[in-house]
>>> print(open('structure-v4.pdb').read())   # PDB, C-alpha atoms
ATOM      1  CA  MET A1254      83.525  93.149 108.932  1.00  0.00           C
ATOM      2  CA  ALA A1255      82.844  95.678 111.663  1.00  0.00           C
ATOM      3  CA  THR A1256      85.807  97.758 110.434  1.00  0.00           C
ATOM      4  CA  TRP A1257      84.354  97.941 106.926  1.00  0.00           C
ATOM      5  CA  LYS A1258      80.948  98.995 108.271  1.00  0.00           C
ATOM      6  CA  THR A1259      82.515 102.061 109.901  1.00  0.00           C
ATOM      7  CA  LEU A1260      83.686 103.207 106.439  1.00  0.00           C
ATOM      8  CA  LEU A1261      80.200 103.060 104.895  1.00  0.00           C
ATOM      9  CA  LEU A1262      77.436 105.658 104.897  1.00  0.00           C
ATOM     10  CA  GLN A1263      74.616 105.261 107.392  1.00  0.00           C
ATOM     11  CA  ASP A1264      71.433 103.542 106.235  1.00  0.00           C
ATOM     12  CA  SER A1265      69.189 106.039 104.511  1.00  0.00           C
ATOM     13  CA  SER A1266      66.110 107.340 106.334  1.00  0.00           C
ATOM     14  CA  SER A1267      65.024 109.869 103.717  1.00  0.00           C
ATOM     15  CA  PRO A1268      64.706 110.133  99.923  1.00  0.00           C
ATOM     16  CA  LEU A1269      67.393 112.835  99.852  1.00  0.00           C
ATOM     17  CA  MET A1270      69.899 110.587 101.608  1.00  0.00           C
ATOM     18  CA  GLU A1271      69.143 107.829  99.104  1.00  0.00           C
ATOM     19  CA  GLN A1272      70.023 110.197  96.272  1.00  0.00           C
ATOM     20  CA  LEU A1273      73.219 111.253  98.060  1.00  0.00           C
ATOM     21  CA  ALA A1274      74.217 107.594  98.507  1.00  0.00           C
ATOM     22  CA  PHE A1275      73.562 106.896  94.804  1.00  0.00           C
ATOM     23  CA  PHE A1276      75.719 109.884  93.813  1.00  0.00           C
ATOM     24  CA  HIS A1277      78.470 108.732  96.190  1.00  0.00           C
ATOM     25  CA  ASP A1278      78.524 105.300  94.524  1.00  0.00           C
ATOM     26  CA  HIS A1279      78.430 106.871  91.058  1.00  0.00           C
ATOM     27  CA  ALA A1280      81.404 109.155  91.786  1.00  0.00           C
ATOM     28  CA  LEU A1281      83.301 106.311  93.450  1.00  0.00           C
ATOM     29  CA  LEU A1282      82.837 104.122  90.365  1.00  0.00           C
ATOM     30  CA  VAL A1283      84.159 106.890  88.078  1.00  0.00           C
ATOM     31  CA  LEU A1284      87.194 107.419  90.339  1.00  0.00           C
ATOM     32  CA  THR A1285      87.881 103.677  90.439  1.00  0.00           C
ATOM     33  CA  VAL A1286      87.879 103.439  86.624  1.00  0.00           C
ATOM     34  CA  ILE A1287      90.213 106.470  86.362  1.00  0.00           C
ATOM     35  CA  THR A1288      92.606 105.040  88.984  1.00  0.00           C
ATOM     36  CA  ILE A1289      92.793 101.667  87.249  1.00  0.00           C
ATOM     37  CA  LEU A1290      93.348 103.260  83.834  1.00  0.00           C
ATOM     38  CA  VAL A1291      96.066 105.652  85.023  1.00  0.00           C
ATOM     39  CA  GLY A1292      97.737 102.876  87.029  1.00  0.00           C
ATOM     40  CA  GLN A1293      97.824 100.599  83.990  1.00  0.00           C
ATOM     41  CA  LEU A1294      99.305 103.366  81.823  1.00  0.00           C
ATOM     42  CA  MET A1295     101.980 104.166  84.425  1.00  0.00           C
ATOM     43  CA  ALA A1296     102.877 100.477  84.798  1.00  0.00           C
ATOM     44  CA  SER A1297     103.244 100.101  81.038  1.00  0.00           C
ATOM     45  CA  LEU A1298     105.500 103.196  80.913  1.00  0.00           C
ATOM     46  CA  PHE A1299     107.734 101.895  83.711  1.00  0.00           C
ATOM     47  CA  PHE A1300     108.178  98.370  82.408  1.00  0.00           C
ATOM     48  CA  ASN A1301     108.149  98.579  78.596  1.00  0.00           C
ATOM     49  CA  LYS A1302     111.337  99.056  76.591  1.00  0.00           C
ATOM     50  CA  TYR A1303     109.901 100.993  73.672  1.00  0.00           C
ATOM     51  CA  ILE A1304     112.127 103.913  72.590  1.00  0.00           C
ATOM     52  CA  HIS A1305     111.231 106.664  70.135  1.00  0.00           C
ATOM     53  CA  ARG A1306     114.127 109.089  69.915  1.00  0.00           C
ATOM     54  CA  PHE A1307     112.489 111.438  67.407  1.00  0.00           C
ATOM     55  CA  LEU A1308     108.949 111.779  68.902  1.00  0.00           C
ATOM     56  CA  LEU A1309     108.106 115.483  68.847  1.00  0.00           C
ATOM     57  CA  GLU A1310     104.316 115.621  69.028  1.00  0.00           C
ATOM     58  CA  GLY A1311     101.196 113.466  69.141  1.00  0.00           C
ATOM     59  CA  GLN A1312      98.117 115.420  68.112  1.00  0.00           C
ATOM     60  CA  LEU A1313      95.718 112.495  68.391  1.00  0.00           C
ATOM     61  CA  ILE A1314      96.665 111.460  71.933  1.00  0.00           C
ATOM     62  CA  GLU A1315      96.588 115.092  73.089  1.00  0.00           C
ATOM     63  CA  VAL A1316      93.053 115.499  71.753  1.00  0.00           C
ATOM     64  CA  ILE A1317      92.003 112.257  73.449  1.00  0.00           C
ATOM     65  CA  TRP A1318      93.415 113.124  76.883  1.00  0.00           C
ATOM     66  CA  THR A1319      91.812 116.574  76.693  1.00  0.00           C
ATOM     67  CA  ILE A1320      88.327 115.413  75.681  1.00  0.00           C
ATOM     68  CA  LEU A1321      88.059 112.331  77.917  1.00  0.00           C
ATOM     69  CA  PRO A1322      88.555 114.235  81.238  1.00  0.00           C
ATOM     70  CA  ALA A1323      86.034 116.863  80.094  1.00  0.00           C
ATOM     71  CA  ILE A1324      83.424 114.152  79.393  1.00  0.00           C
ATOM     72  CA  THR A1325      84.238 112.525  82.747  1.00  0.00           C
ATOM     73  CA  LEU A1326      83.691 115.822  84.585  1.00  0.00           C
ATOM     74  CA  ILE A1327      80.321 116.259  82.851  1.00  0.00           C
ATOM     75  CA  PHE A1328      79.236 112.800  84.052  1.00  0.00           C
ATOM     76  CA  ILE A1329      80.071 113.879  87.632  1.00  0.00           C
ATOM     77  CA  ALA A1330      78.863 117.490  87.436  1.00  0.00           C
ATOM     78  CA  LEU A1331      75.348 116.921  86.081  1.00  0.00           C
ATOM     79  CA  PRO A1332      74.132 114.600  88.900  1.00  0.00           C
ATOM     80  CA  SER A1333      75.899 116.848  91.418  1.00  0.00           C
ATOM     81  CA  LEU A1334      74.106 120.009  90.218  1.00  0.00           C
ATOM     82  CA  ARG A1335      70.775 118.163  90.198  1.00  0.00           C
ATOM     83  CA  LEU A1336      71.325 117.108  93.819  1.00  0.00           C
ATOM     84  CA  ILE A1337      72.295 120.620  94.904  1.00  0.00           C
ATOM     85  CA  TYR A1338      69.004 122.031  93.601  1.00  0.00           C
ATOM     86  CA  ILE A1339      66.958 119.180  95.126  1.00  0.00           C
ATOM     87  CA  LEU A1340      68.588 119.661  98.541  1.00  0.00           C
ATOM     88  CA  ASP A1341      67.968 123.413  98.436  1.00  0.00           C
ATOM     89  CA  GLU A1342      64.234 123.250  97.721  1.00  0.00           C
ATOM     90  CA  THR A1343      61.569 123.484 100.407  1.00  0.00           C
ATOM     91  CA  ASN A1344      58.142 122.692  98.961  1.00  0.00           C
ATOM     92  CA  ASN A1345      55.010 123.289 101.056  1.00  0.00           C
ATOM     93  CA  PRO A1346      56.342 122.299 104.495  1.00  0.00           C
ATOM     94  CA  LEU A1347      53.670 120.971 106.868  1.00  0.00           C
ATOM     95  CA  LEU A1348      55.731 121.608 109.990  1.00  0.00           C
ATOM     96  CA  THR A1349      58.367 124.185 110.940  1.00  0.00           C
ATOM     97  CA  ILE A1350      60.919 123.635 113.706  1.00  0.00           C
ATOM     98  CA  LYS A1351      63.414 126.265 114.814  1.00  0.00           C
ATOM     99  CA  THR A1352      66.762 125.041 116.119  1.00  0.00           C
ATOM    100  CA  ILE A1353      69.106 127.226 118.185  1.00  0.00           C
ATOM    101  CA  GLY A1354      72.648 126.092 118.968  1.00  0.00           C
ATOM    102  CA  HIS A1355      74.193 127.015 122.335  1.00  0.00           C
ATOM    103  CA  GLN A1356      77.433 126.182 124.102  1.00  0.00           C
ATOM    104  CA  TRP A1357      76.789 123.281 124.506  1.00  0.00           C
ATOM    105  CA  TYR A1358      73.206 122.178 123.929  1.00  0.00           C
ATOM    106  CA  TRP A1359      70.362 122.662 121.458  1.00  0.00           C
ATOM    107  CA  SER A1360      67.045 124.502 121.855  1.00  0.00           C
ATOM    108  CA  TYR A1361      63.990 123.687 119.765  1.00  0.00           C
ATOM    109  CA  GLU A1362      60.809 125.638 119.029  1.00  0.00           C
ATOM    110  CA  TYR A1363      57.767 124.291 117.179  1.00  0.00           C
ATOM    111  CA  SER A1364      56.829 127.519 115.418  1.00  0.00           C
ATOM    112  CA  ASP A1365      53.376 126.346 114.279  1.00  0.00           C
ATOM    113  CA  PHE A1366      52.167 125.814 117.865  1.00  0.00           C
ATOM    114  CA  LYS A1367      52.090 127.976 120.967  1.00  0.00           C
ATOM    115  CA  ASN A1368      54.484 127.438 123.862  1.00  0.00           C
ATOM    116  CA  ILE A1369      56.162 124.283 122.545  1.00  0.00           C
ATOM    117  CA  GLU A1370      59.860 124.854 123.114  1.00  0.00           C
ATOM    118  CA  PHE A1371      62.492 122.978 125.084  1.00  0.00           C
ATOM    119  CA  ASP A1372      66.231 122.505 125.550  1.00  0.00           C
ATOM    120  CA  SER A1373      67.989 119.278 124.619  1.00  0.00           C
ATOM    121  CA  TYR A1374      71.035 118.271 126.671  1.00  0.00           C
ATOM    122  CA  MET A1375      73.174 115.166 126.407  1.00  0.00           C
ATOM    123  CA  THR A1376      72.162 112.444 128.886  1.00  0.00           C
ATOM    124  CA  PRO A1377      74.822 112.295 131.646  1.00  0.00           C
ATOM    125  CA  LEU A1378      76.562 108.967 132.278  1.00  0.00           C
ATOM    126  CA  ASN A1379      75.083 108.624 135.780  1.00  0.00           C
ATOM    127  CA  GLU A1380      71.531 108.987 134.403  1.00  0.00           C
ATOM    128  CA  MET A1381      71.833 106.594 131.463  1.00  0.00           C
ATOM    129  CA  ASN A1382      69.743 103.447 131.135  1.00  0.00           C
ATOM    130  CA  SER A1383      70.870 100.166 129.611  1.00  0.00           C
ATOM    131  CA  TRP A1384      69.268 101.018 126.251  1.00  0.00           C
ATOM    132  CA  ASN A1385      70.893 104.461 125.935  1.00  0.00           C
ATOM    133  CA  PHE A1386      73.887 105.212 123.724  1.00  0.00           C
ATOM    134  CA  ARG A1387      76.797 106.945 125.438  1.00  0.00           C
ATOM    135  CA  VAL A1388      77.381 110.524 124.217  1.00  0.00           C
ATOM    136  CA  LEU A1389      74.517 110.181 121.711  1.00  0.00           C
ATOM    137  CA  ASP A1390      71.303 110.215 123.754  1.00  0.00           C
ATOM    138  CA  VAL A1391      69.562 113.351 125.009  1.00  0.00           C
ATOM    139  CA  ASP A1392      66.984 114.175 127.660  1.00  0.00           C
ATOM    140  CA  ASN A1393      64.511 115.764 125.196  1.00  0.00           C
ATOM    141  CA  ARG A1394      64.238 114.411 121.659  1.00  0.00           C
ATOM    142  CA  ILE A1395      62.866 116.177 118.603  1.00  0.00           C
ATOM    143  CA  VAL A1396      59.600 114.461 117.679  1.00  0.00           C
ATOM    144  CA  ILE A1397      58.513 114.544 114.028  1.00  0.00           C
ATOM    145  CA  PRO A1398      55.901 112.694 111.945  1.00  0.00           C
ATOM    146  CA  PHE A1399      57.359 110.474 109.256  1.00  0.00           C
ATOM    147  CA  LYS A1400      56.535 110.955 105.546  1.00  0.00           C
ATOM    148  CA  THR A1401      55.992 114.654 106.232  1.00  0.00           C
ATOM    149  CA  GLN A1402      57.817 117.619 104.699  1.00  0.00           C
ATOM    150  CA  ILE A1403      59.495 119.493 107.558  1.00  0.00           C
ATOM    151  CA  ARG A1404      61.279 122.844 107.434  1.00  0.00           C
ATOM    152  CA  MET A1405      64.178 123.413 109.833  1.00  0.00           C
ATOM    153  CA  LEU A1406      65.220 126.972 110.677  1.00  0.00           C
ATOM    154  CA  VAL A1407      68.693 126.867 112.186  1.00  0.00           C
ATOM    155  CA  THR A1408      70.642 129.574 114.017  1.00  0.00           C
ATOM    156  CA  ALA A1409      73.013 129.937 116.979  1.00  0.00           C
ATOM    157  CA  ALA A1410      73.168 132.086 120.076  1.00  0.00           C
ATOM    158  CA  ASP A1411      76.939 132.283 120.585  1.00  0.00           C
ATOM    159  CA  VAL A1412      79.353 130.576 118.155  1.00  0.00           C
ATOM    160  CA  ILE A1413      79.017 128.620 114.898  1.00  0.00           C
ATOM    161  CA  HIS A1414      77.522 125.131 115.319  1.00  0.00           C
ATOM    162  CA  SER A1415      76.454 122.595 112.723  1.00  0.00           C
ATOM    163  CA  TRP A1416      73.161 120.684 112.949  1.00  0.00           C
ATOM    164  CA  THR A1417      73.763 117.280 111.374  1.00  0.00           C
ATOM    165  CA  ILE A1418      71.730 114.085 110.933  1.00  0.00           C
ATOM    166  CA  PRO A1419      73.718 111.753 108.619  1.00  0.00           C
ATOM    167  CA  SER A1420      70.906 109.249 107.956  1.00  0.00           C
ATOM    168  CA  LEU A1421      68.663 112.096 106.710  1.00  0.00           C
ATOM    169  CA  GLY A1422      71.393 113.678 104.590  1.00  0.00           C
ATOM    170  CA  VAL A1423      71.083 116.947 106.539  1.00  0.00           C
ATOM    171  CA  LYS A1424      74.040 119.119 107.552  1.00  0.00           C
ATOM    172  CA  ILE A1425      73.504 122.857 108.015  1.00  0.00           C
ATOM    173  CA  ASP A1426      75.509 125.515 109.832  1.00  0.00           C
ATOM    174  CA  ALA A1427      74.010 127.326 112.824  1.00  0.00           C
ATOM    175  CA  THR A1428      75.456 130.829 112.544  1.00  0.00           C
ATOM    176  CA  PRO A1429      74.863 133.652 115.075  1.00  0.00           C
ATOM    177  CA  GLY A1430      72.754 136.431 113.584  1.00  0.00           C
ATOM    178  CA  ARG A1431      71.741 134.357 110.568  1.00  0.00           C
ATOM    179  CA  LEU A1432      68.722 132.097 110.004  1.00  0.00           C
ATOM    180  CA  ASN A1433      69.550 129.174 107.717  1.00  0.00           C
ATOM    181  CA  GLN A1434      66.869 126.943 106.273  1.00  0.00           C
ATOM    182  CA  THR A1435      66.742 123.309 105.192  1.00  0.00           C
ATOM    183  CA  SER A1436      64.088 120.664 104.707  1.00  0.00           C
ATOM    184  CA  LEU A1437      63.916 117.023 105.725  1.00  0.00           C
ATOM    185  CA  THR A1438      61.594 114.060 105.391  1.00  0.00           C
ATOM    186  CA  SER A1439      61.832 110.780 107.270  1.00  0.00           C
ATOM    187  CA  ASN A1440      60.397 107.801 105.426  1.00  0.00           C
ATOM    188  CA  ARG A1441      60.305 105.452 108.415  1.00  0.00           C
ATOM    189  CA  SER A1442      59.789 105.476 112.148  1.00  0.00           C
ATOM    190  CA  GLY A1443      62.675 105.171 114.589  1.00  0.00           C
ATOM    191  CA  LEU A1444      65.412 107.100 116.358  1.00  0.00           C
ATOM    192  CA  LEU A1445      67.832 109.116 114.222  1.00  0.00           C
ATOM    193  CA  TYR A1446      71.099 110.259 115.794  1.00  0.00           C
ATOM    194  CA  GLY A1447      73.433 113.111 114.960  1.00  0.00           C
ATOM    195  CA  GLN A1448      75.960 115.478 116.528  1.00  0.00           C
ATOM    196  CA  CYS A1449      77.281 118.989 116.142  1.00  0.00           C
ATOM    197  CA  SER A1450      79.746 118.864 113.243  1.00  0.00           C
ATOM    198  CA  GLU A1451      81.474 122.189 113.842  1.00  0.00           C
ATOM    199  CA  ILE A1452      84.329 122.636 116.301  1.00  0.00           C
ATOM    200  CA  CYS A1453      82.465 124.982 118.649  1.00  0.00           C
ATOM    201  CA  GLY A1454      84.433 124.763 121.893  1.00  0.00           C
ATOM    202  CA  ALA A1455      85.512 122.503 124.734  1.00  0.00           C
ATOM    203  CA  ASN A1456      82.274 120.488 124.898  1.00  0.00           C
ATOM    204  CA  HIS A1457      81.766 120.324 121.125  1.00  0.00           C
ATOM    205  CA  SER A1458      81.513 116.518 121.181  1.00  0.00           C
ATOM    206  CA  PHE A1459      78.854 116.571 123.923  1.00  0.00           C
ATOM    207  CA  MET A1460      75.904 118.195 122.143  1.00  0.00           C
ATOM    208  CA  PRO A1461      74.186 115.327 120.312  1.00  0.00           C
ATOM    209  CA  ILE A1462      70.934 115.435 118.323  1.00  0.00           C
ATOM    210  CA  VAL A1463      68.191 112.810 118.486  1.00  0.00           C
ATOM    211  CA  ILE A1464      65.100 112.785 116.264  1.00  0.00           C
ATOM    212  CA  GLU A1465      62.208 110.501 117.127  1.00  0.00           C
ATOM    213  CA  SER A1466      60.249 109.762 113.959  1.00  0.00           C
ATOM    214  CA  ILE A1467      56.711 108.563 114.699  1.00  0.00           C
ATOM    215  CA  SER A1468      53.417 108.188 112.836  1.00  0.00           C
ATOM    216  CA  PRO A1469      51.331 111.353 112.258  1.00  0.00           C
ATOM    217  CA  SER A1470      48.552 110.112 114.565  1.00  0.00           C
ATOM    218  CA  PHE A1471      50.972 109.637 117.472  1.00  0.00           C
ATOM    219  CA  PHE A1472      52.550 113.018 116.656  1.00  0.00           C
ATOM    220  CA  ILE A1473      49.145 114.717 117.029  1.00  0.00           C
ATOM    221  CA  ARG A1474      48.759 113.074 120.435  1.00  0.00           C
ATOM    222  CA  TRP A1475      52.223 114.268 121.446  1.00  0.00           C
ATOM    223  CA  ILE A1476      51.478 117.830 120.294  1.00  0.00           C
ATOM    224  CA  THR A1477      48.171 117.821 122.195  1.00  0.00           C
ATOM    225  CA  LYS A1478      49.960 116.649 125.347  1.00  0.00           C
ATOM    226  CA  MET A1479      52.716 119.277 125.005  1.00  0.00           C
ATOM    227  CA  THR A1480      50.275 122.154 124.499  1.00  0.00           C
ATOM    228  CA  LYS A1481      48.496 121.241 127.754  1.00  0.00           C
ATOM    229  CA  LEU A1482      51.707 121.406 129.803  1.00  0.00           C
TER
END
>>> encode(input="structure-v4.pdb", output="structure tokens")
Amino acid sequence: MATWKTLLLQDSSSPLMEQLAFFHDHALLVLTVITILVGQLMASLFFNKYIHRFLLEGQLIEVIWTILPAITLIFIALPSLRLIYILDETNNPLLTIKTIGHQWYWSYEYSDFKNIEFDSYMTPLNEMNSWNFRVLDVDNRIVIPFKTQIRMLVTAADVIHSWTIPSLGVKIDATPGRLNQTSLTSNRSGLLYGQCSEICGANHSFMPIVIESISPSFFIRWITKMTKL
């Protein structure tokens, strides 16, 4: 059972990830039907003994196997295009966070507030507590309010990185000299884990991302505390 769980998508923590999971299941169902149909046709060709020595053409079957794949592609393309436009939109963000990728750690700036910026390094093994996850926990987490539209501005200082949170359905490249933008919304409180998903050097696997999603009232307290430091 544990092996099967590793093959599944992470539990959704945002509406966008829910839509991505639905599209994944939709595409998988279409591919399963196609595989079964083609497999059945191939099996019947291998094992039947029907012979037609003078078959030259079959207009009807050629029309069918041209139209059916086109209809199948439409059923996959339309939900895919809808998702692409939804993922690309950023509507009235209430909070902006700038993310900068370094070799090999992340820096964060809360652009709407003064002097709130910090670096986020992976927690070393000798400093870990019993509740920490190895190679996934960091010393400074990103704190966000849940059920809030958040804009992420992502760039890099040296090489290409990739800022990724699977449970939020967010994966965006951090490219030197370029400012990429994405939006995210967490619909529940908790800790959300991710990692750099671009091969960026020797310590590529040691620059994790942790988001702490909390209620807006606790977020205001956290912001007030950080501005006084």
>>> closest_residue(input="structure-v4.pdb", among="A:Leu1444, A:Leu1437, A:Ile1353, A:Val1463", to="Ser1415 (chain A)", atoms="all atoms listed in the file")
A:Ile1353
>>> atom_distance(input="structure-v4.pdb", atom1="CA of Leu1336 (chain A)", atom2="CA of Lys1424 (chain A)")
14.1 Å
>>> atom_distance(input="structure-v4.pdb", atom1="CA of Phe1399 (chain A)", atom2="CA of Ser1458 (chain A)")
27.6 Å
>>> residues_around(input="structure-v4.pdb", residues="Gly1422 (chain A)", least_positions_apart="3", cutoff="10 Å", atoms="only C-alpha atoms", output="list of chain:residue names")
A:Gln1263, A:Ser1265, A:Ser1266, A:Ser1267, A:Pro1268, A:Leu1269, A:Met1270, A:Glu1271, A:Gln1272, A:Leu1273, A:Ala1274, A:Leu1340, A:Thr1417, A:Ile1418, A:Pro1419, A:Leu1437, A:Thr1438
>>> resolve_selection(input="structure-v4.pdb", expression="the PyMOL selection byres ((chain A and resi 1480) around 8)", output="list in words")
Phe1366, Lys1367, Asn1368, Ile1369, Ile1476, Thr1477, Lys1478, Met1479, Lys1481 and Leu1482 of chain A
>>> resolve_selection(input="structure-v4.pdb", expression="the PyMOL selection byres ((chain A and resi 1314-1328) around 12)", output="list in words")
Phe1276, His1279, Ala1280, Leu1282, Val1283, Leu1284, Val1286, Ile1287, Val1291, Glu1310, Gly1311, Gln1312, Leu1313, Ile1329, Ala1330, Leu1331, Pro1332, Ser1333, Leu1334 and Arg1335 of chain A
>>> resolve_selection(input="structure-v4.pdb", expression="the PyMOL selection byres ((chain A and resi 1401-1404) around 6)", output="number ranges by chain")
A: 1346-1349, 1399-1400, 1405, 1435-1438
>>> atom_distance(input="structure-v4.pdb", atom1="CA of Ala1409 (chain A)", atom2="CA of Cys1453 (chain A)")
10.8 Å
>>> closest_residue(input="structure-v4.pdb", among="A:Met1460, A:Leu1298, A:Asp1341, A:Ile1304", to="Pro1377 (chain A)", atoms="all atoms listed in the file")
A:Met1460
>>> residues_near_point(input="structure-v4.pdb", point="(72.5, 129.3, 115.4)", cutoff="7 Å", atoms="only C-alpha atoms", output="list of chain:residue names")
A:Ile1353, A:Gly1354, A:Val1407, A:Thr1408, A:Ala1409, A:Ala1410, A:Ile1413, A:His1414, A:Ala1427, A:Thr1428, A:Pro1429
>>> closest_residue(input="structure-v4.pdb", among="A:Ala1455, A:Gly1443, A:Tyr1361, A:Leu1262", to="Phe1275 (chain A)", atoms="only C-alpha atoms")
A:Leu1262
>>> closest_residue(input="structure-v4.pdb", among="A:Val1388, A:Leu1261, A:Ile1397, A:Ile1350", to="Ser1466 (chain A)", atoms="only C-alpha atoms")
A:Ile1397
>>> closest_residue(input="structure-v4.pdb", among="A:Ser1470, A:Ser1442, A:Thr1352, A:Thr1376", to="Ile1425 (chain A)", atoms="all atoms listed in the file")
A:Thr1352
>>> closest_residue(input="structure-v4.pdb", among="A:Leu1406, A:Leu1309, A:Gln1293, A:Met1375", to="Leu1432 (chain A)", atoms="all atoms listed in the file")
A:Leu1406
>>> build_atoms(input="structure-v4.pdb", residues="region 1423-1434 of chain A", atoms="N, CA, C and O atoms", output="short mmCIF file (atom, residue, chain, number, x, y, z; two decimals), in the coordinates of the input")
data_model
loop_
_atom_site.label_atom_id
_atom_site.label_comp_id
_atom_site.auth_asym_id
_atom_site.auth_seq_id
_atom_site.Cartn_x
_atom_site.Cartn_y
_atom_site.Cartn_z
N VAL A 1423 71.24 115.54 106.15
CA VAL A 1423 71.08 116.95 106.54
C VAL A 1423 72.32 117.40 107.30
O VAL A 1423 72.75 116.77 108.27
N LYS A 1424 72.92 118.48 106.84
CA LYS A 1424 74.04 119.12 107.55
C LYS A 1424 73.98 120.60 107.24
O LYS A 1424 74.18 121.01 106.10
N ILE A 1425 73.68 121.42 108.24
CA ILE A 1425 73.50 122.86 108.02
C ILE A 1425 74.13 123.63 109.16
O ILE A 1425 74.01 123.24 110.33
N ASP A 1426 74.83 124.71 108.83
CA ASP A 1426 75.51 125.52 109.83
C ASP A 1426 74.51 126.35 110.63
O ASP A 1426 73.54 126.88 110.08
N ALA A 1427 74.76 126.43 111.93
CA ALA A 1427 74.01 127.33 112.82
C ALA A 1427 74.90 128.52 113.11
O ALA A 1427 75.88 128.41 113.87
N THR A 1428 74.59 129.65 112.49
CA THR A 1428 75.46 130.83 112.54
C THR A 1428 74.78 131.94 113.34
O THR A 1428 73.61 132.25 113.09
N PRO A 1429 75.47 132.55 114.31
CA PRO A 1429 74.86 133.65 115.08
C PRO A 1429 74.45 134.81 114.16
O PRO A 1429 75.21 135.21 113.28
N GLY A 1430 73.24 135.31 114.37
CA GLY A 1430 72.75 136.43 113.58
C GLY A 1430 72.24 136.07 112.21
O GLY A 1430 71.88 136.96 111.43
N ARG A 1431 72.21 134.79 111.89
CA ARG A 1431 71.74 134.36 110.57
C ARG A 1431 70.79 133.18 110.73
O ARG A 1431 71.03 132.30 111.54
N LEU A 1432 69.71 133.17 109.95
CA LEU A 1432 68.72 132.10 110.00
C LEU A 1432 68.85 131.27 108.73
O LEU A 1432 68.46 131.71 107.65
N ASN A 1433 69.42 130.08 108.85
CA ASN A 1433 69.55 129.17 107.72
C ASN A 1433 68.36 128.23 107.66
O ASN A 1433 67.75 127.92 108.69
N GLN A 1434 68.06 127.76 106.47
CA GLN A 1434 66.87 126.94 106.27
C GLN A 1434 67.22 125.67 105.51
O GLN A 1434 68.01 125.69 104.57
#
